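Asker: Hey, dropping start_4.cif in here, mmCIF, C-alpha atoms:
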data_work
#
loop_
_atom_site.label_atom_id
_atom_site.label_comp_id
_atom_site.auth_asym_id
_atom_site.auth_seq_id
_atom_site.Cartn_x
_atom_site.Cartn_y
_atom_site.Cartn_z
CA MET A 1 24.86 10.18 -102.09
CA THR A 2 26.75 6.98 -101.41
CA THR A 3 29.81 7.56 -99.26
CA THR A 4 32.82 5.46 -100.11
CA LYS A 5 33.63 3.22 -97.15
CA SER A 6 37.12 3.19 -95.76
CA THR A 7 39.19 0.06 -95.37
CA PRO A 8 40.84 -0.79 -92.01
CA GLU A 9 44.17 0.22 -93.52
CA GLN A 10 42.79 3.65 -94.40
CA ILE A 11 41.30 4.11 -90.93
CA SER A 12 44.77 3.83 -89.47
CA LYS A 13 46.18 6.06 -92.20
CA TYR A 14 43.80 9.06 -91.96
CA ASP A 15 41.82 11.00 -89.35
CA TYR A 16 38.04 11.04 -89.22
CA ASP A 17 35.43 12.81 -87.12
CA LYS A 18 32.72 10.99 -85.16
CA LYS A 19 30.51 10.83 -88.25
CA GLY A 20 33.24 9.15 -90.28
CA ARG A 21 34.05 12.21 -92.38
CA LEU A 22 37.61 12.55 -93.58
CA LYS A 23 39.63 15.33 -91.93
CA ILE A 24 41.86 17.20 -94.36
CA LYS A 25 44.60 19.70 -93.59
CA LYS A 26 43.34 22.19 -96.15
CA GLY A 27 40.51 24.62 -96.49
CA LEU A 28 37.66 24.45 -98.99
CA GLU A 29 37.03 27.50 -101.19
CA ILE A 30 33.96 28.45 -103.17
CA VAL A 31 33.37 31.59 -105.23
CA ALA A 32 30.27 33.43 -104.02
CA VAL A 33 30.67 36.58 -106.15
CA TYR A 34 32.11 36.73 -109.66
CA GLY A 35 32.34 40.50 -110.07
CA CYS A 36 34.44 42.99 -108.16
CA THR A 37 34.82 46.68 -107.35
CA MET A 38 38.32 46.68 -108.83
CA GLN A 39 40.20 45.59 -111.95
CA CYS A 40 43.47 44.21 -110.63
CA PRO A 41 45.83 42.88 -113.31
CA HIS A 42 46.99 40.09 -111.04
CA CYS A 43 43.51 38.76 -110.14
CA SER A 44 43.65 34.97 -109.92
CA HIS A 45 39.84 34.77 -110.20
CA TYR A 46 39.45 36.84 -113.43
CA ALA A 47 37.00 39.14 -111.64
CA THR A 48 38.11 41.90 -114.03
CA TYR A 49 36.16 40.12 -116.77
CA LYS A 50 33.11 38.99 -114.79
CA LYS A 51 29.89 40.24 -113.27
CA GLY A 52 27.25 38.81 -110.97
CA TYR A 53 27.26 36.30 -108.17
CA ALA A 54 26.41 32.70 -107.33
CA SER A 55 23.06 32.28 -105.62
CA THR A 56 22.93 30.96 -102.07
CA GLU A 57 21.14 27.87 -103.37
CA ALA A 58 23.84 27.22 -105.96
CA CYS A 59 26.63 27.57 -103.40
CA ILE A 60 24.97 25.24 -100.92
CA ALA A 61 24.23 22.68 -103.65
CA GLN A 62 27.96 22.54 -104.39
CA LEU A 63 29.01 22.35 -100.75
CA LYS A 64 26.52 19.85 -99.37
CA PRO A 65 27.98 16.64 -100.88
CA TRP A 66 31.39 17.63 -99.51
CA ALA A 67 29.94 18.44 -96.08
CA ASP A 68 28.89 14.79 -95.90
CA ARG A 69 32.37 13.68 -96.92
CA ILE A 70 35.18 15.84 -95.48
CA VAL A 71 36.07 18.18 -92.61
CA PRO A 72 38.28 20.99 -93.97
CA THR A 73 40.20 23.35 -91.72
CA VAL A 74 38.29 26.36 -92.99
CA ILE A 75 35.62 27.38 -95.51
CA VAL A 76 36.66 30.26 -97.76
CA LEU A 77 33.89 32.37 -99.29
CA SER A 78 35.67 34.28 -102.03
CA GLY A 79 35.12 36.54 -105.01
CA GLY A 80 35.42 38.81 -106.85
CA GLU A 81 34.40 40.93 -103.90
CA VAL A 82 32.45 38.69 -101.54
CA PHE A 83 30.78 41.56 -99.67
CA LEU A 84 28.87 42.42 -102.86
CA HIS A 85 26.71 39.31 -102.37
CA PRO A 86 23.07 40.42 -101.88
CA ASP A 87 22.22 37.43 -99.67
CA LEU A 88 25.51 37.18 -97.78
CA GLU A 89 24.03 36.89 -94.29
CA ASN A 90 21.82 33.96 -95.25
CA LEU A 91 24.65 32.34 -97.22
CA ILE A 92 26.98 32.52 -94.21
CA LYS A 93 24.35 30.96 -91.94
CA GLN A 94 23.75 28.06 -94.31
CA VAL A 95 27.46 27.44 -94.89
CA LYS A 96 28.13 27.29 -91.15
CA ALA A 97 25.19 24.95 -90.69
CA LEU A 98 26.87 22.56 -93.14
CA PHE A 99 30.36 22.96 -91.64
CA PRO A 100 29.87 23.87 -87.95
CA ALA A 101 33.33 22.66 -86.91
CA CYS A 102 35.20 24.61 -89.58
CA GLY A 103 36.53 28.13 -89.51
CA LEU A 104 35.22 30.74 -91.94
CA TRP A 105 37.34 33.15 -94.00
CA LEU A 106 36.18 35.99 -96.22
CA PRO A 107 38.89 37.57 -98.41
CA THR A 108 38.11 41.15 -99.44
CA ASN A 109 39.75 44.18 -101.04
CA GLY A 110 38.19 46.24 -98.24
CA SER A 111 36.15 48.54 -100.47
CA MET A 112 32.82 47.40 -98.96
CA LEU A 113 33.76 47.43 -95.28
CA LEU A 114 32.03 50.76 -94.64
CA LYS A 115 28.95 49.75 -96.66
CA THR A 116 28.23 46.29 -95.26
CA LYS A 117 25.20 45.96 -92.96
CA ASP A 118 25.75 45.73 -89.21
CA THR A 119 23.81 42.46 -89.08
CA VAL A 120 26.37 40.79 -91.37
CA PHE A 121 29.25 41.88 -89.16
CA GLU A 122 27.36 40.86 -86.00
CA LEU A 123 26.93 37.39 -87.46
CA LEU A 124 30.59 37.16 -88.44
CA LYS A 125 31.61 38.16 -84.93
CA GLN A 126 29.29 35.57 -83.42
CA LEU A 127 30.80 32.89 -85.65
CA ASN A 128 34.37 34.04 -84.94
CA ALA A 129 34.91 34.39 -88.69
CA HIS A 130 38.08 35.91 -90.12
CA ILE A 131 38.12 38.72 -92.68
CA VAL A 132 41.29 38.90 -94.78
CA VAL A 133 41.82 42.38 -96.22
CA SER A 134 44.15 42.55 -99.21
CA ARG A 135 46.17 45.73 -99.27
CA LYS A 136 45.64 47.10 -102.78
CA GLN A 137 46.48 50.80 -102.72
CA HIS A 138 48.96 49.95 -105.49
CA CYS A 139 45.95 49.18 -107.72
CA GLN A 140 44.23 52.56 -107.53
CA ASN A 141 45.04 53.21 -111.18
CA PHE A 142 42.88 50.24 -112.13
CA ARG A 143 39.71 51.49 -110.42
CA LYS A 144 39.58 55.17 -109.46
CA GLU A 145 36.92 54.81 -106.77
CA TYR A 146 39.20 52.60 -104.69
CA ASP A 147 40.21 54.70 -101.70
CA TRP A 148 42.82 53.20 -99.39
CA GLN A 149 41.94 55.72 -96.69
CA LYS A 150 38.34 54.47 -96.76
CA VAL A 151 39.65 50.91 -96.49
CA LEU A 152 41.61 51.91 -93.39
CA GLU A 153 38.41 53.38 -91.95
CA GLY A 154 36.68 50.09 -92.69
CA ILE A 155 39.44 48.21 -90.88
CA GLU A 156 38.91 50.51 -87.89
CA ARG A 157 35.24 49.54 -87.99
CA LEU A 158 36.23 45.88 -87.77
CA LYS A 159 38.45 46.64 -84.79
CA LYS A 160 35.68 48.49 -82.95
CA LEU A 161 33.23 45.66 -83.59
CA GLY A 162 35.74 43.10 -82.36
CA ILE A 163 35.80 41.13 -85.62
CA ARG A 164 38.81 38.96 -86.35
CA HIS A 165 40.72 40.29 -89.33
CA SER A 166 44.14 40.57 -90.89
CA VAL A 167 45.68 42.72 -93.60
CA GLN A 168 47.74 41.11 -96.34
CA HIS A 169 50.85 43.10 -97.13
CA CYS A 170 52.27 40.65 -99.66
CA SER A 171 53.27 41.44 -103.21
CA TRP A 172 51.34 39.94 -106.11
CA ARG A 173 52.22 38.15 -109.29
CA ARG A 174 50.37 38.06 -112.57
CA LEU A 175 48.93 34.58 -113.09
CA TRP A 176 47.96 34.95 -116.72
CA ASN A 177 49.50 36.31 -119.86
CA SER A 178 47.81 39.34 -121.42
CA PRO A 179 50.15 40.85 -124.03
CA ASP A 180 47.55 43.41 -125.16
CA GLY A 181 46.66 44.77 -121.75
CA TYR A 182 43.12 43.60 -121.00
CA ALA A 183 42.74 41.48 -124.12
CA LYS A 184 41.50 37.93 -123.57
CA PRO A 185 44.08 36.26 -121.32
CA ILE A 186 46.18 33.34 -122.45
CA PRO A 187 48.30 30.96 -120.34
CA PHE A 188 52.03 31.19 -119.91
CA ASN A 189 54.23 28.38 -121.19
CA SER A 190 56.61 28.22 -118.25
CA ASN A 191 59.01 25.81 -116.73
CA PRO A 192 56.49 23.92 -114.54
CA GLU A 193 59.02 23.13 -111.80
CA LYS A 194 59.98 26.79 -111.42
CA ALA A 195 56.35 27.93 -111.60
CA ASN A 196 55.31 25.46 -108.92
CA LYS A 197 58.17 26.47 -106.65
CA GLY A 198 56.86 30.02 -106.42
CA CYS A 199 53.22 29.02 -106.06
CA GLY A 200 51.07 29.24 -102.97
CA TYR A 201 47.66 28.58 -104.48
CA ASP A 202 47.95 24.80 -104.32
CA LYS A 203 48.81 24.93 -100.62
CA CYS A 204 45.83 26.85 -99.24
CA ALA A 205 42.52 25.21 -100.04
CA LEU A 206 40.72 22.85 -102.33
CA PHE A 207 38.67 24.85 -104.80
CA LEU A 208 35.07 23.96 -105.65
CA HIS A 209 33.58 24.49 -109.06
CA GLY A 210 30.61 22.63 -110.43
CA GLY A 211 30.55 20.60 -107.23
CA LYS A 212 34.00 19.19 -107.94
CA ALA A 213 37.27 19.83 -106.14
CA TYR A 214 40.51 21.15 -107.64
CA ASN A 215 43.88 21.08 -105.91
CA CYS A 216 44.57 24.63 -107.11
CA CYS A 217 42.13 27.56 -107.02
CA PHE A 218 43.56 29.08 -110.20
CA LEU A 219 42.97 25.86 -112.12
CA GLY A 220 39.37 25.72 -110.92
CA VAL A 221 38.85 29.36 -111.85
CA VAL A 222 40.17 28.67 -115.37
CA HIS A 223 37.56 25.91 -115.80
CA GLU A 224 34.88 28.27 -114.44
CA SER A 225 36.02 31.10 -116.72
CA ILE A 226 36.00 28.91 -119.83
CA GLU A 227 32.40 27.92 -119.08
CA MET A 228 31.50 31.60 -118.63
CA GLY A 229 33.09 32.51 -121.97
CA VAL A 230 35.79 34.64 -120.37
CA LEU A 231 38.63 32.41 -121.60
CA ASP A 232 39.15 30.65 -124.90
CA LYS A 233 38.86 26.87 -124.48
CA ASP A 234 41.41 26.06 -127.17
CA ALA A 235 44.03 28.41 -125.73
CA TRP A 236 43.63 26.79 -122.31
CA ALA A 237 43.42 23.20 -123.54
CA ILE A 238 45.99 21.99 -121.01
CA ALA A 239 43.74 23.19 -118.18
CA MET A 240 40.85 21.13 -119.53
CA GLU A 241 42.99 17.99 -119.30
CA TYR A 242 42.84 18.26 -115.51
CA VAL A 243 40.13 16.02 -113.99
CA PRO A 244 38.69 17.38 -110.71
CA LEU A 245 37.31 15.19 -107.93
CA SER A 246 33.71 14.36 -107.16
CA ALA A 247 32.60 14.00 -103.55
CA ASP A 248 32.26 10.23 -104.03
CA ALA A 249 36.02 9.89 -104.61
CA THR A 250 37.94 7.53 -102.38
CA ASP A 251 39.83 8.76 -99.34
CA ASP A 252 43.11 8.07 -101.10
CA GLU A 253 42.04 10.17 -104.10
CA ILE A 254 40.98 13.06 -101.87
CA MET A 255 44.20 13.02 -99.87
CA ASP A 256 46.25 12.78 -103.05
CA THR A 257 44.47 15.86 -104.43
CA CYS A 258 45.16 17.68 -101.15
CA ASP A 259 48.86 17.02 -101.62
CA SER A 260 50.65 20.11 -102.93
CA LYS A 261 52.58 18.74 -105.85
CA LEU A 262 53.77 19.46 -109.34
CA ILE A 263 51.21 18.81 -112.08
CA PRO A 264 51.46 19.44 -115.85
CA GLN A 265 49.11 22.44 -115.54
CA CYS A 266 51.71 24.31 -113.46
CA LYS A 267 53.21 25.50 -116.76
CA MET A 268 50.16 27.77 -117.22
CA CYS A 269 51.49 30.08 -114.50
CA PRO A 270 54.58 32.30 -114.73
CA ASP A 271 57.94 31.06 -113.51
CA PHE A 272 58.90 34.62 -112.54
CA TRP A 273 57.52 37.14 -110.07
CA GLU A 274 56.12 40.42 -111.39
CA ASP A 275 55.35 42.82 -108.57
CA PHE A 276 52.46 45.28 -108.70
#
Could you rewrite the structure in this file as structure tokens?
Answerer:
Amino acid sequence: MTTTKSTPEQISKYDYDKKGRLKIKKGLEIVAVYGCTMQCPHCSHYATYKKGYASTEACIAQLKPWADRIVPTVIVLSGGEVFLHPDLENLIKQVKALFPACGLWLPTNGSMLLKTKDTVFELLKQLNAHIVVSRKQHCQNFRKEYDWQKVLEGIERLKKLGIRHSVQHCSWRRLWNSPDGYAKPIPFNSNPEKANKGCGYDKCALFLHGGKAYNCCFLGVVHESIEMGVLDKDAWAIAMEYVPLSADATDDEIMDTCDSKLIPQCKMCPDFWEDF
């Protein structure tokens, strides 16, 4: 891959590491598992409609060009439910080899914390990784086997093992319109300014799909879901107008994409908050 050289003006404008890689003040997220143990109506990754996982090789192939290009604050291995990945230990090792200076986050609904192998948790402790447990006892109606008490026991396991973790106690909002319950989702047609004002997805991490970076994880997931046949391409035409970045983009283009700002696709999301 040919890395775009920076001009002297850019060198004074941005920060770089010793290898000349651009430092960004955002994380970099990649979906490792498509399916989930739950069916949450607010899921921003459409895991309700998906199964399977991305192979370790596929994940690394997406990440490697960016490892030569940028230094994010953290790498986010997400799902679906990331602890369902059958090769998670190897995947984590290879991701950290690509991004040794970056933190590592694994968001989870907590349902697999008592089932995950000790060797995975030992590795996460060694790497000082952070597990983010989403509190979802409000979603028990959507998947009966979800047991919040078991999740609490899993959190106790993390404490005993000395693994960094946190529990999200935030409320959730539905990011897609599904008038017929779990019929094929369609976008909202919101006031984009109001929708963007209540958004946090464009402020957390760049999202990787197909080796390209999106400034909003939901937008990247929509592209992914259209390719998987989960969403109707015509219904989500406005999403397809968004052009994601390749790793050979200029520094200015990357930093512009990192900027949390209003884009036309913000109208796809609701401009109101619906708690679950």
Asker: Atom CA of A:Glu81 to atom CA of A:Ser55: how many Å, to one decimal?
Answerer: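 Those two atoms sit 14.4 Å apart.
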Asker: Quick one: everything within 9 Å of stretch 257-263 of chain A, counting only C-alpha atoms, minus sequence neighbours fewer than 4 positions away in the same chain. Send it as a PyMOL selection string.
Answerer: chain A and resi 24-26+192-193+196-197+202-203+205-206+213-216+244-245+252-253+267
Asker: Could you work out how far atom CA of A:His42 lies from atom CA of A:Cys266, giving the answer in Å with one decimal?
Answerer: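 Computed distance, atom CA of A:Cys266 to atom CA of A:His42, equals 16.6 Å.
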Asker: Given the choices A:Asn177, A:Gly229, A:Val151, A:Gly211, which gets closest to A:Cys43 if the distance is worked out from all atoms listed in the file?
Answerer: A:Asn177
Asker: For the point (47.1, 43.6, -90.5) in file coordinates, what residues are within 9 Å, counting only C-alpha atoms? Give the answer as a ChimeraX atom specification?
Answerer: /A:132-133,155,165-169
Asker: Quick check on the file I pasted: which residues fall under the PyMOL selection byres ((chain A and resi 208) around 8)? Write them as a PyMOL selection string.
Answerer: chain A and resi 28-31+62-63+206-207+209-214+220
Asker: So, counting only C-alpha atoms, which residue among A:Gln94, A:Thr56, A:Gln126, A:Gln39 is closest to A:Gly162?
Answerer: A:Gln126
